[in-house]
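Since the structure comes first, as structure tokens, the remarks are kept for the end.
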Amino acid sequence: MRPHILVVDDDEKITSLLRRSLAFEGYEVVTANNGLEGLKLMLTSDPNLLILDVMMPQIDGWEVCRRVREGGSSVPILMLTAKDDIQDRVKGLDTGADDYLVKPFA
């Protein structure tokens, strides 16, 4: 069984790029384009990694991360976002993210 990654981001270009790149590396990738859909997929897909944007419709990434952690999940969470202030990075890590990467990324 291949490792499973859930990408939650409302930017279709980013999700498409990540889906192709990660699939090429051998990962199974599932995507969601908003926080609510991402939370639903967390319950049904049991990913090995969650890649999460912050600024999304319906439920933002901070709230998704908080709910995932409150639900008892220890899945690694990577915040992948354009929000680059130090306060945002601290908030992401304090909310339960394991790492924080700013867009654009290489």
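Ordering of the structure tokens sets the chain letters (A, B, ...), residue numbers begin anew at 1 in every chain, and ligands are numbered from 1 in the order given.
For range 59-61 of chain A, the set of protein, DNA and RNA residues having any atom at most 10 Å away, when counting only C-alpha atoms and skipping those fewer than 3 positions along the same chain, is Val8, Asp9, Asn34, Gly35, Leu36, Glu37, Gly38, Leu39, Ile51, Leu52, Asp53, Val54, Met55, Met56, Val64, Cys65, Arg66, Arg67, Met79, Leu80, Thr81, Gly92 and Thr95 of chain A.
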Exercise. Which parts of range 42-105 of chain A does DSSP call helix (DSSP H, G or I) when run on the backbone here, written out as number ranges by chain?
Worked result: A: 42-45, 61-70, 86-95
For this session: Taking the chain letters and numbering used in this document, name the residues of chain A that DSSP puts in strand (DSSP E or B), as a PyMOL selection string.
Result: chain A and resi 4-8+28-32+49-52+77-81+99-102
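Using only C-alpha atoms, the shortest contact distance between Ala82 in chain A and any of A:Phe105, A:Gly96, A:Leu6, A:Asn33 is found at A:Phe105.
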Seminar exercise, completed: For Arg2 in chain A, the closest of A:Pro76, A:Gly26, A:Ser45, A:Ser21 counting only C-alpha atoms is A:Gly26
For this session: Fewer than 4 positions away in the same chain doesn't count, so skip those; otherwise give me all residues within 10 Å of Leu18 in chain A, counting only C-alpha atoms, as a ChimeraX atom specification.
Result: /A:5,7,12-14,22-24,29,31,51
